[in-house]
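Colleague: Contents of model_3.csv (CSV, C-alpha atoms):
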```
chain,number,residue,atom,x,y,z
A,1,MET,CA,-28.0,12.1,-29.8
A,2,SER,CA,-26.5,14.1,-27.0
A,3,PRO,CA,-24.5,12.3,-24.3
A,4,LYS,CA,-26.4,11.2,-21.2
A,5,ARG,CA,-24.7,11.3,-17.8
A,6,ILE,CA,-25.0,8.2,-15.7
A,7,PRO,CA,-24.0,8.2,-12.0
A,8,VAL,CA,-21.7,5.3,-11.1
A,9,VAL,CA,-20.0,6.1,-7.7
A,10,GLU,CA,-18.2,2.8,-7.6
A,11,ARG,CA,-14.8,2.4,-6.0
A,12,ILE,CA,-12.1,1.2,-8.4
A,13,MET,CA,-10.4,-0.9,-5.8
A,14,SER,CA,-13.6,-2.9,-5.1
A,15,ALA,CA,-12.5,-5.9,-7.1
A,16,ASN,CA,-9.1,-6.0,-5.5
A,17,ASP,CA,-10.6,-5.3,-2.1
A,18,ALA,CA,-13.1,-8.2,-2.5
A,19,LEU,CA,-10.2,-10.6,-3.2
A,20,ALA,CA,-8.2,-9.1,-0.3
A,21,LEU,CA,-11.1,-9.9,2.0
A,22,ASN,CA,-11.1,-13.5,0.7
A,23,ASN,CA,-7.4,-13.7,1.5
A,24,ARG,CA,-8.0,-12.4,4.9
A,25,LYS,CA,-10.7,-15.0,5.6
A,26,THR,CA,-8.3,-17.7,4.4
A,27,LEU,CA,-5.6,-16.5,6.7
A,28,ASP,CA,-8.0,-16.2,9.7
A,29,GLU,CA,-9.3,-19.7,9.1
A,30,HIS,CA,-5.8,-21.1,9.5
A,31,GLY,CA,-4.8,-18.8,12.3
A,32,VAL,CA,-2.0,-17.0,10.4
A,33,HIS,CA,-1.1,-13.4,11.0
A,34,ALA,CA,0.0,-11.7,7.8
A,35,ILE,CA,2.2,-8.7,7.6
A,36,ASN,CA,2.6,-6.6,4.3
A,37,MET,CA,6.2,-5.4,4.2
A,38,MET,CA,6.7,-2.3,2.0
A,39,ALA,CA,9.9,-0.3,1.3
A,40,SER,CA,12.2,0.9,-1.5
A,41,PRO,CA,14.4,-1.7,-3.2
A,42,GLY,CA,17.4,-2.4,-0.9
A,43,ALA,CA,16.0,-0.9,2.3
A,44,GLY,CA,16.3,-4.2,4.0
A,45,LYS,CA,13.0,-6.0,3.8
A,46,THR,CA,14.4,-9.5,3.1
A,47,THR,CA,17.3,-9.1,5.5
A,48,LEU,CA,14.9,-8.2,8.3
A,49,ILE,CA,12.6,-11.1,7.5
A,50,ILE,CA,15.6,-13.5,7.6
A,51,GLU,CA,16.8,-12.1,10.9
A,52,THR,CA,13.3,-12.4,12.2
A,53,VAL,CA,13.0,-16.0,11.1
A,54,ARG,CA,16.2,-16.8,12.9
A,55,ALA,CA,15.2,-15.0,16.1
A,56,LEU,CA,11.7,-16.7,16.1
A,57,ALA,CA,13.0,-20.2,15.5
A,58,GLY,CA,11.4,-22.4,18.1
A,59,THR,CA,8.8,-19.8,19.1
A,60,LEU,CA,6.8,-19.1,16.0
A,61,HIS,CA,6.5,-20.8,12.6
A,62,VAL,CA,7.2,-18.1,9.9
A,63,GLY,CA,6.5,-18.2,6.2
A,64,ALA,CA,6.9,-15.7,3.4
A,65,ILE,CA,5.4,-14.7,0.1
A,66,GLU,CA,8.1,-12.8,-1.9
A,67,GLY,CA,7.1,-10.3,-4.5
A,68,ASP,CA,9.6,-9.2,-7.2
A,69,LEU,CA,9.4,-8.3,-10.9
A,70,ALA,CA,11.7,-11.2,-11.7
A,71,SER,CA,14.0,-13.9,-10.2
A,72,THR,CA,13.7,-16.2,-7.1
A,73,VAL,CA,16.6,-14.5,-5.3
A,74,ASP,CA,14.5,-13.5,-2.2
A,75,ALA,CA,12.4,-16.7,-1.8
A,76,ASP,CA,15.6,-18.7,-2.1
A,77,LYS,CA,17.3,-16.7,0.6
A,78,VAL,CA,14.3,-16.9,3.0
A,79,ARG,CA,14.0,-20.6,2.4
A,80,ALA,CA,17.7,-21.1,3.2
A,81,SER,CA,17.1,-19.3,6.5
A,82,GLY,CA,14.6,-21.9,7.6
A,83,ALA,CA,11.2,-20.5,6.6
A,84,ALA,CA,8.7,-21.7,4.0
A,85,ALA,CA,8.7,-19.3,1.1
A,86,VAL,CA,6.9,-18.8,-2.2
A,87,GLN,CA,8.1,-16.4,-4.9
A,88,ILE,CA,5.6,-14.3,-7.0
A,89,ASN,CA,7.1,-12.7,-10.1
A,90,THR,CA,4.9,-9.8,-11.3
A,91,GLY,CA,6.5,-9.4,-14.7
A,92,GLY,CA,6.1,-5.6,-14.9
A,93,GLN,CA,3.6,-4.8,-12.1
A,94,CYS,CA,5.2,-2.5,-9.5
A,95,HIS,CA,3.2,-3.9,-6.5
A,96,LEU,CA,1.6,-7.1,-5.4
A,97,ASP,CA,-2.2,-7.3,-5.7
A,98,ALA,CA,-4.7,-9.5,-3.9
A,99,THR,CA,-5.0,-12.0,-6.8
A,100,GLN,CA,-1.3,-12.7,-6.7
A,101,VAL,CA,-1.3,-13.1,-2.9
A,102,GLY,CA,-4.2,-15.4,-3.2
A,103,GLN,CA,-2.1,-17.6,-5.6
A,104,GLY,CA,0.8,-17.4,-3.1
A,105,LEU,CA,-1.4,-18.5,-0.2
A,106,ALA,CA,-2.6,-21.5,-2.2
A,107,GLN,CA,1.0,-22.7,-2.4
A,108,LEU,CA,1.7,-22.6,1.3
A,109,ASP,CA,0.8,-25.1,4.1
A,110,LEU,CA,-1.0,-22.4,6.1
A,111,ASP,CA,-1.8,-24.8,9.0
A,112,ALA,CA,1.9,-25.0,9.6
A,113,LEU,CA,2.4,-21.3,10.0
A,114,ASP,CA,1.8,-18.7,12.7
A,115,LEU,CA,3.2,-15.6,11.0
A,116,LEU,CA,3.4,-14.8,7.3
A,117,PHE,CA,5.5,-12.0,5.8
A,118,ILE,CA,4.3,-10.7,2.5
A,119,GLU,CA,7.3,-8.9,1.1
A,120,ASN,CA,6.0,-6.5,-1.4
A,121,VAL,CA,7.8,-5.3,-4.6
A,122,GLY,CA,10.4,-2.7,-3.7
A,123,ASN,CA,8.5,0.6,-4.2
A,124,LEU,CA,7.7,3.5,-1.9
A,125,VAL,CA,4.7,4.6,-4.0
A,126,CYS,CA,2.2,2.0,-5.3
A,127,PRO,CA,2.0,-0.9,-2.8
A,128,VAL,CA,0.2,1.1,-0.1
A,129,GLY,CA,-2.8,1.5,-2.5
A,130,PHE,CA,-3.5,-2.2,-2.8
A,131,ALA,CA,-5.0,-4.2,0.0
A,132,LEU,CA,-3.7,-7.8,0.0
A,133,GLY,CA,-5.7,-9.3,3.0
A,134,GLU,CA,-2.9,-8.6,5.5
A,135,HIS,CA,-3.6,-7.9,9.2
A,136,THR,CA,-0.7,-5.5,9.6
A,137,ARG,CA,1.3,-3.1,7.3
A,138,VAL,CA,4.9,-2.4,8.0
A,139,GLY,CA,7.1,0.1,6.2
A,140,ILE,CA,10.8,0.1,6.2
A,141,SER,CA,13.0,3.2,5.7
A,142,SER,CA,16.8,2.7,5.9
A,143,VAL,CA,19.3,5.3,7.1
A,144,PRO,CA,21.2,5.6,3.8
A,145,GLU,CA,17.9,6.6,2.1
A,146,GLY,CA,17.9,9.8,4.1
A,147,ASP,CA,15.6,11.4,6.7
A,148,ASP,CA,13.4,13.4,4.2
A,149,LYS,CA,11.4,10.4,2.9
A,150,PRO,CA,8.2,11.2,4.9
A,151,LEU,CA,8.1,14.6,3.2
A,152,LYS,CA,8.5,13.1,-0.2
A,153,TYR,CA,6.4,10.0,0.1
A,154,PRO,CA,3.8,10.8,2.7
A,155,SER,CA,1.2,8.2,1.7
A,156,ILE,CA,3.2,5.2,2.7
A,157,PHE,CA,4.2,6.7,6.1
A,158,ALA,CA,0.6,7.7,6.7
A,159,ASN,CA,-0.8,4.3,5.9
A,160,VAL,CA,1.3,1.7,7.7
A,161,ASP,CA,0.9,0.4,11.3
A,162,ALA,CA,4.6,0.3,12.0
A,163,LEU,CA,7.8,1.7,10.6
A,164,VAL,CA,11.2,0.1,11.0
A,165,ILE,CA,14.3,2.4,10.5
A,166,THR,CA,17.0,-0.1,9.3
A,167,LYS,CA,20.8,0.1,9.0
A,168,THR,CA,21.1,2.1,12.1
A,169,ASP,CA,24.7,0.9,12.3
A,170,LEU,CA,25.5,3.4,9.6
A,171,LEU,CA,24.3,6.4,11.6
A,172,PRO,CA,27.9,7.6,12.5
A,173,TRP,CA,28.7,8.0,8.8
A,174,ILE,CA,25.4,9.3,7.3
A,175,PRO,CA,23.7,12.6,8.1
A,176,PHE,CA,20.3,11.3,9.4
A,177,ASP,CA,18.4,13.2,12.0
A,178,VAL,CA,16.5,10.4,13.8
A,179,SER,CA,14.4,12.6,16.0
A,180,GLU,CA,13.3,14.9,13.2
A,181,PHE,CA,12.5,11.8,11.1
A,182,ARG,CA,10.4,10.4,13.9
A,183,ARG,CA,8.6,13.7,14.3
A,184,LEU,CA,7.7,13.8,10.6
A,185,VAL,CA,6.5,10.3,10.7
A,186,ARG,CA,4.3,10.8,13.8
A,187,SER,CA,2.8,13.9,12.4
A,188,LEU,CA,1.6,11.9,9.4
A,189,ASN,CA,0.6,8.9,11.6
A,190,PRO,CA,0.2,9.6,15.3
A,191,GLU,CA,-0.5,5.9,16.3
A,192,ILE,CA,2.4,4.4,14.4
A,193,GLN,CA,4.9,2.1,16.1
A,194,ILE,CA,8.5,3.0,15.3
A,195,PHE,CA,11.5,0.6,15.6
A,196,GLU,CA,15.2,1.3,15.1
A,197,VAL,CA,17.1,-1.7,14.0
A,198,SER,CA,20.4,-2.9,12.7
A,199,CYS,CA,20.4,-6.4,11.2
A,200,VAL,CA,24.2,-6.2,11.1
A,201,SER,CA,24.7,-5.5,14.9
A,202,GLY,CA,21.4,-6.9,16.1
A,203,ALA,CA,20.6,-3.6,17.9
A,204,GLY,CA,16.9,-3.0,18.3
A,205,LEU,CA,15.8,-6.5,17.1
A,206,ASP,CA,14.5,-7.5,20.5
A,207,GLN,CA,11.8,-4.8,20.6
A,208,TRP,CA,10.8,-5.7,17.0
A,209,ILE,CA,10.5,-9.5,17.9
A,210,GLU,CA,8.6,-8.7,21.0
A,211,TRP,CA,6.1,-6.7,19.1
A,212,LEU,CA,5.7,-9.5,16.5
A,213,ILE,CA,5.0,-12.1,19.2
A,214,GLU,CA,2.4,-9.7,20.8
A,215,LEU,CA,0.8,-9.3,17.4
A,216,THR,CA,0.4,-13.0,16.8
A,217,SER,CA,-0.8,-13.8,20.3
A,218,THR,CA,-3.6,-11.2,20.1
A,219,GLY,CA,-4.4,-12.3,16.4
B,220,MET,CA,-2.7,-1.8,-15.4
B,221,SER,CA,-5.0,-3.7,-13.0
B,222,VAL,CA,-6.5,-0.4,-11.9
B,223,THR,CA,-7.3,0.4,-15.5
B,224,GLU,CA,-8.9,-3.0,-16.0
B,225,SER,CA,-11.1,-2.3,-13.0
B,226,VAL,CA,-12.2,1.1,-14.4
B,227,LEU,CA,-13.0,-0.5,-17.7
B,228,GLU,CA,-15.0,-3.3,-16.1
B,229,ILE,CA,-17.0,-0.9,-14.0
B,230,ILE,CA,-17.9,1.5,-16.8
B,231,THR,CA,-18.8,-1.1,-19.4
B,232,ARG,CA,-21.0,-2.8,-16.9
B,233,HIS,CA,-22.9,0.4,-16.1
B,234,ALA,CA,-23.0,1.4,-19.8
B,235,GLU,CA,-24.4,-2.0,-20.8
B,236,GLN,CA,-27.0,-1.8,-18.0
B,237,ALA,CA,-28.1,1.6,-19.4
B,238,GLY,CA,-28.3,0.2,-22.9
B,239,ALA,CA,-25.7,2.6,-24.2
B,240,ASP,CA,-23.8,2.2,-27.5
B,241,ARG,CA,-20.7,4.1,-26.6
B,242,ILE,CA,-19.0,5.7,-23.6
B,243,VAL,CA,-18.0,9.3,-24.4
B,244,ARG,CA,-16.5,10.5,-21.1
B,245,VAL,CA,-15.5,9.0,-17.7
B,246,TYR,CA,-15.4,11.1,-14.6
B,247,LEU,CA,-12.9,9.8,-12.0
B,248,VAL,CA,-12.4,11.1,-8.5
B,249,VAL,CA,-8.8,10.6,-7.2
B,250,GLY,CA,-7.7,11.7,-3.8
B,251,GLU,CA,-4.2,13.2,-3.5
B,252,LEU,CA,-3.0,10.3,-1.3
B,253,SER,CA,-4.3,7.5,-3.5
B,254,SER,CA,-1.0,7.2,-5.4
B,255,ILE,CA,-2.6,6.8,-8.8
B,256,VAL,CA,-0.8,8.3,-11.8
B,257,ASP,CA,-3.3,9.9,-14.2
B,258,ASP,CA,-1.1,9.5,-17.3
B,259,SER,CA,-0.5,5.8,-16.6
B,260,VAL,CA,-4.2,5.1,-16.3
B,261,GLN,CA,-5.0,7.1,-19.5
B,262,PHE,CA,-2.3,5.3,-21.4
B,263,TYR,CA,-3.4,1.8,-20.4
B,264,PHE,CA,-7.0,2.8,-20.8
B,265,ASP,CA,-6.6,3.8,-24.4
B,266,PHE,CA,-5.0,0.5,-25.2
B,267,LEU,CA,-7.4,-1.7,-23.2
B,268,ALA,CA,-10.6,0.1,-24.4
B,269,GLN,CA,-10.0,-0.7,-28.0
B,270,ASP,CA,-12.9,-2.7,-29.6
B,271,THR,CA,-15.0,-2.1,-26.5
B,272,LEU,CA,-17.9,0.3,-25.6
B,273,ALA,CA,-15.3,2.5,-24.0
B,274,GLN,CA,-13.1,3.0,-27.1
B,275,GLY,CA,-12.0,6.6,-27.5
B,276,ALA,CA,-13.6,7.6,-24.2
B,277,GLU,CA,-12.1,10.7,-22.5
B,278,LEU,CA,-11.0,10.2,-18.9
B,279,ILE,CA,-11.5,13.3,-16.7
B,280,PHE,CA,-9.7,13.2,-13.4
B,281,GLN,CA,-11.0,15.3,-10.5
B,282,ARG,CA,-8.2,15.5,-7.9
B,283,LEU,CA,-9.3,15.9,-4.3
B,284,PRO,CA,-6.8,17.5,-2.0
B,285,VAL,CA,-5.9,16.0,1.4
B,286,THR,CA,-8.1,17.3,4.2
B,287,LEU,CA,-7.0,16.6,7.7
B,288,ALA,CA,-8.7,16.9,11.1
B,289,CYS,CA,-6.7,17.6,14.2
B,290,GLY,CA,-7.2,14.9,16.9
B,291,VAL,CA,-6.7,17.4,19.6
B,292,CYS,CA,-8.6,20.6,18.7
B,293,GLN,CA,-10.8,19.3,15.7
B,294,HIS,CA,-9.5,22.0,13.4
B,295,GLN,CA,-9.7,20.9,9.7
B,296,TRP,CA,-7.3,22.1,7.1
B,297,GLU,CA,-5.6,21.2,3.7
B,298,PRO,CA,-1.9,20.7,4.4
B,299,SER,CA,0.5,22.4,2.0
B,300,SER,CA,3.3,19.9,2.7
B,301,ALA,CA,3.8,16.5,4.3
B,302,ASP,CA,4.4,18.1,7.7
B,303,TRP,CA,1.0,17.5,9.2
B,304,ALA,CA,1.3,19.5,12.4
B,305,CYS,CA,-2.0,21.3,13.2
B,306,PRO,CA,-1.8,25.0,12.1
B,307,SER,CA,-4.2,25.9,14.9
B,308,CYS,CA,-2.8,24.2,18.0
B,309,GLY,CA,0.5,22.6,16.7
B,310,ALA,CA,-0.3,19.1,17.7
B,311,SER,CA,0.9,16.1,15.6
B,312,ARG,CA,-2.3,14.1,15.8
B,313,ALA,CA,-3.8,14.5,12.3
B,314,ARG,CA,-6.6,12.2,11.0
B,315,ILE,CA,-7.2,11.9,7.2
B,316,VAL,CA,-10.7,13.1,6.4
B,317,LYS,CA,-10.4,13.4,2.6
B,318,GLY,CA,-7.7,12.3,0.2
B,319,ARG,CA,-7.8,8.5,-0.1
B,320,GLU,CA,-10.7,8.4,-2.6
B,321,PHE,CA,-10.5,6.6,-5.9
B,322,TYR,CA,-13.7,6.0,-7.6
B,323,VAL,CA,-15.6,6.3,-10.9
B,324,ASP,CA,-18.1,9.1,-10.2
B,325,SER,CA,-20.1,9.0,-13.5
B,326,ILE,CA,-20.0,8.3,-17.2
B,327,GLU,CA,-21.4,10.1,-20.2
B,328,VAL,CA,-22.9,7.7,-22.8
B,329,GLU,CA,-24.6,7.7,-26.2
```
Written as structure tokens, that's how I'd like the structure from this file.
Modeller:
Amino acid sequence: MSPKRIPVVERIMSANDALALNNRKTLDEHGVHAINMMASPGAGKTTLIIETVRALAGTLHVGAIEGDLASTVDADKVRASGAAAVQINTGGQCHLDATQVGQGLAQLDLDALDLLFIENVGNLVCPVGFALGEHTRVGISSVPEGDDKPLKYPSIFANVDALVITKTDLLPWIPFDVSEFRRLVRSLNPEIQIFEVSCVSGAGLDQWIEWLIELTSTG
Amino acid sequence: MSVTESVLEIITRHAEQAGADRIVRVYLVVGELSSIVDDSVQFYFDFLAQDTLAQGAELIFQRLPVTLACGVCQHQWEPSSADWACPSCGASRARIVKGREFYVDSIEVE
């Protein structure tokens, strides 16, 4: 019998997307604004979250879902800074998926939160392809990683709502052309918000915090 | 791996609905920006498909290049690098028209 061709035309992400939509409904029901934080390992995701938790103390209730292959290092650090945090260990998976985030949401008291950071697995490639139910996507690119990242990893820069350039305190010692970097990012993503931050000196944190407060107030 | 599991679920469901005995070939459409690695999917697929309708099925990947549309002059083009400035008017206001797709287009069954 010769093979018969059957049309399918079904998106592979539909299962994950359906679960992401559920997560989003859950978040909206509890009035929590969720941000998917994506970056290479060591770019400064956790540090930025911790500084944000400290800066927002008394203003907004912040929580975090921490995604890593292994260990509770990040969730422990975030909890120590004063925020509720849940750790997801993916084992080998290089990105968080909507199922795992759903499990994380179930472990948090969402009524007690205004803002939830979902810190994705350190990876500039895969996370951007997986909807989690988040309201906002933020990428982080640190100065030591170099200013050519938008050329080499276009899909993350093209698909986030905001980009935070971290470790700006290192600019005097590392060749990093900030205006060329910004131009490359904007050509991939004209509407993107760009922040320049140093968690060591505190430079630029005010604008970042202001933007977060605006995000949570408009839902 | 979760991507591959989704592919397997979709194709076995469609094959079963069609009353097929075996899936011979799977046609996948993957946009250049969808960050899916063909070899990884094939590798996990061969493993997961064992003892199913899809065992031994060949995966055929059709890659779609990125197509952009200029938000200023409406010119459409396929960029040759990650510098997305419009080749017609020079503006940096590109919109992604094609390139994010990731779907199972069709299957061949027996």
Colleague: Using CA of Arg5 in chain A and CA of Val328 in chain B as the two end points, give the distance in Å to one decimal.
Modeller: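 Between CA of Arg5 in chain A and CA of Val328 in chain B the gap works out to 6.4 Å.
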Colleague: Using all atoms listed in the file, can you tell me which of B:Glu297, B:Asp270, B:Asp324, B:Asp302 comes closest to Val226 in chain B?
Modeller: B:Asp324
Colleague: So how far away is CA of Ile35 in chain A from CA of Leu60 in chain A, in Å?
Modeller: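 CA of Ile35 in chain A lies 14.1 Å from CA of Leu60 in chain A.
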Colleague: Got a sec to pull out which chain B residues are within 8 Å of chain A, counting all atoms listed in the file, and send them as JSON, numbers by chain?
Modeller: {"B": [220, 222, 225, 226, 229, 230, 233, 243, 252, 253, 254, 255, 300, 301, 302, 303, 304, 311, 312, 313, 314, 321, 322, 323, 324, 325, 326, 327, 328, 329]}
Colleague: Hey, can I get the axis-aligned box for range 34-47 of chain A? All listed atoms, 8 Å padding on each side, centre and edge lengths in Å to one decimal, as lines of an AutoDock Vina configuration file.
Modeller:
```
center_x = 8.7
center_y = -5.4
center_z = 2.3
size_x = 33.4
size_y = 28.6
size_z = 27.0
```
Colleague: For the atom pair CA of Thr166 in chain A and CA of Ala98 in chain A, what is the interatomic distance in Å to one decimal place?
Modeller: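 According to the coordinates, CA of Thr166 in chain A and CA of Ala98 in chain A are separated by 27.1 Å.
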Colleague: Taking all atoms listed in the file into account, name the residue in A:Pro144, A:Leu163, A:Pro175, A:Thr216 that is nearest to Glu196 in chain A.
Modeller: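 Closest residue, counting all atoms listed in the file: A:Leu163.
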Colleague: Pick out the residues sitting within 10 Å of range 26-31 of chain A, and hand them over as a list in words; count all atoms listed in the file, and ignore anything fewer than 4 positions along from it in its own chain.
Modeller: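 Once the adjacent positions are removed, what remains is Ala20, Leu21, Asn22, Gly102, Leu105, Ala106, Asp109, Leu110, Asp111, Ala112, Leu113, Asp114, Leu115, Leu116, Gly133, Glu134, His135, Thr216 and Gly219 of chain A.
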Colleague: Please provide the set of residues having any atom within 6 Å of Ala276 in chain B, restricted to all atoms listed in the file, with same-chain residues fewer than 3 positions apart removed, written as a list of chain:residue names.
Modeller: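 These residues fall inside the cut-off: B:Ile242, B:Val243, B:Arg244, B:Ala273.
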Colleague: With a distance cut-off of 7 Å and all atoms listed in the file, select the neighbouring residues of Asn120 in chain A, excluding the residue or stretch itself and same-chain residues fewer than 2 positions from it, and output the selection as a list of chain:residue names.
Modeller: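 Selected residues are A:Asn36, A:Met37, A:Met38, A:Glu66, A:Gly67, A:His95, A:Leu96, A:Ile118, A:Gly122.
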Colleague: Deliver the residues from the most recent selection as a file, using C-alpha atoms, as a PDB file, in the coordinates of the input.
Modeller:
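Heads up, here's the output in part_7.pdb:
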```
ATOM      1  CA  ASN A  36       2.600  -6.600   4.300  1.00  0.00           C
ATOM      2  CA  MET A  37       6.200  -5.400   4.200  1.00  0.00           C
ATOM      3  CA  MET A  38       6.700  -2.300   2.000  1.00  0.00           C
ATOM      4  CA  GLU A  66       8.100 -12.800  -1.900  1.00  0.00           C
ATOM      5  CA  GLY A  67       7.100 -10.300  -4.500  1.00  0.00           C
ATOM      6  CA  HIS A  95       3.200  -3.900  -6.500  1.00  0.00           C
ATOM      7  CA  LEU A  96       1.600  -7.100  -5.400  1.00  0.00           C
ATOM      8  CA  ILE A 118       4.300 -10.700   2.500  1.00  0.00           C
ATOM      9  CA  GLY A 122      10.400  -2.700  -3.700  1.00  0.00           C
TER      10      GLY A 122
END
```
Colleague: Ile88 in chain A: which residues within 8 Å, counting all atoms listed in the file, same-chain residues fewer than 2 positions away excluded, as a VMD selection string?
Modeller: chain A and resid 65 to 68 86 90 100 104
Colleague: Name all residues at most 10 Å from Cys305 in chain B (count only C-alpha atoms; drop same-chain ones fewer than 4 positions away) and give them as a list of chain:residue names.
Modeller: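 Residues meeting the cut-off are A:Ser187, B:Leu287, B:Ala288, B:Cys289, B:Gly290, B:Val291, B:Cys292, B:Gln293, B:His294, B:Gln295, B:Trp296, B:Pro298, B:Gly309, B:Ala310, B:Ser311, B:Arg312, B:Ala313.
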Colleague: Pull the neighbourhood of (-7.9, 5.3, -25.3) for me: all residues within 9 Å in file coordinates, counting all atoms listed in the file, as an NGL selection string.
Modeller: :B and (261-269 or 273-278)
Colleague: Could you tell me which of A:Ala83, A:Ala131, A:Val197, A:Val164 comes closest to Arg54 in chain A if we count all atoms listed in the file?
Modeller: A:Ala83
Colleague: Give the answer as one residue: which of A:Ala84, A:Ile174, A:Leu48, A:Ala64 has the shortest atom-to-atom distance to Gly204 in chain A, using all atoms listed in the file?
Modeller: A:Leu48
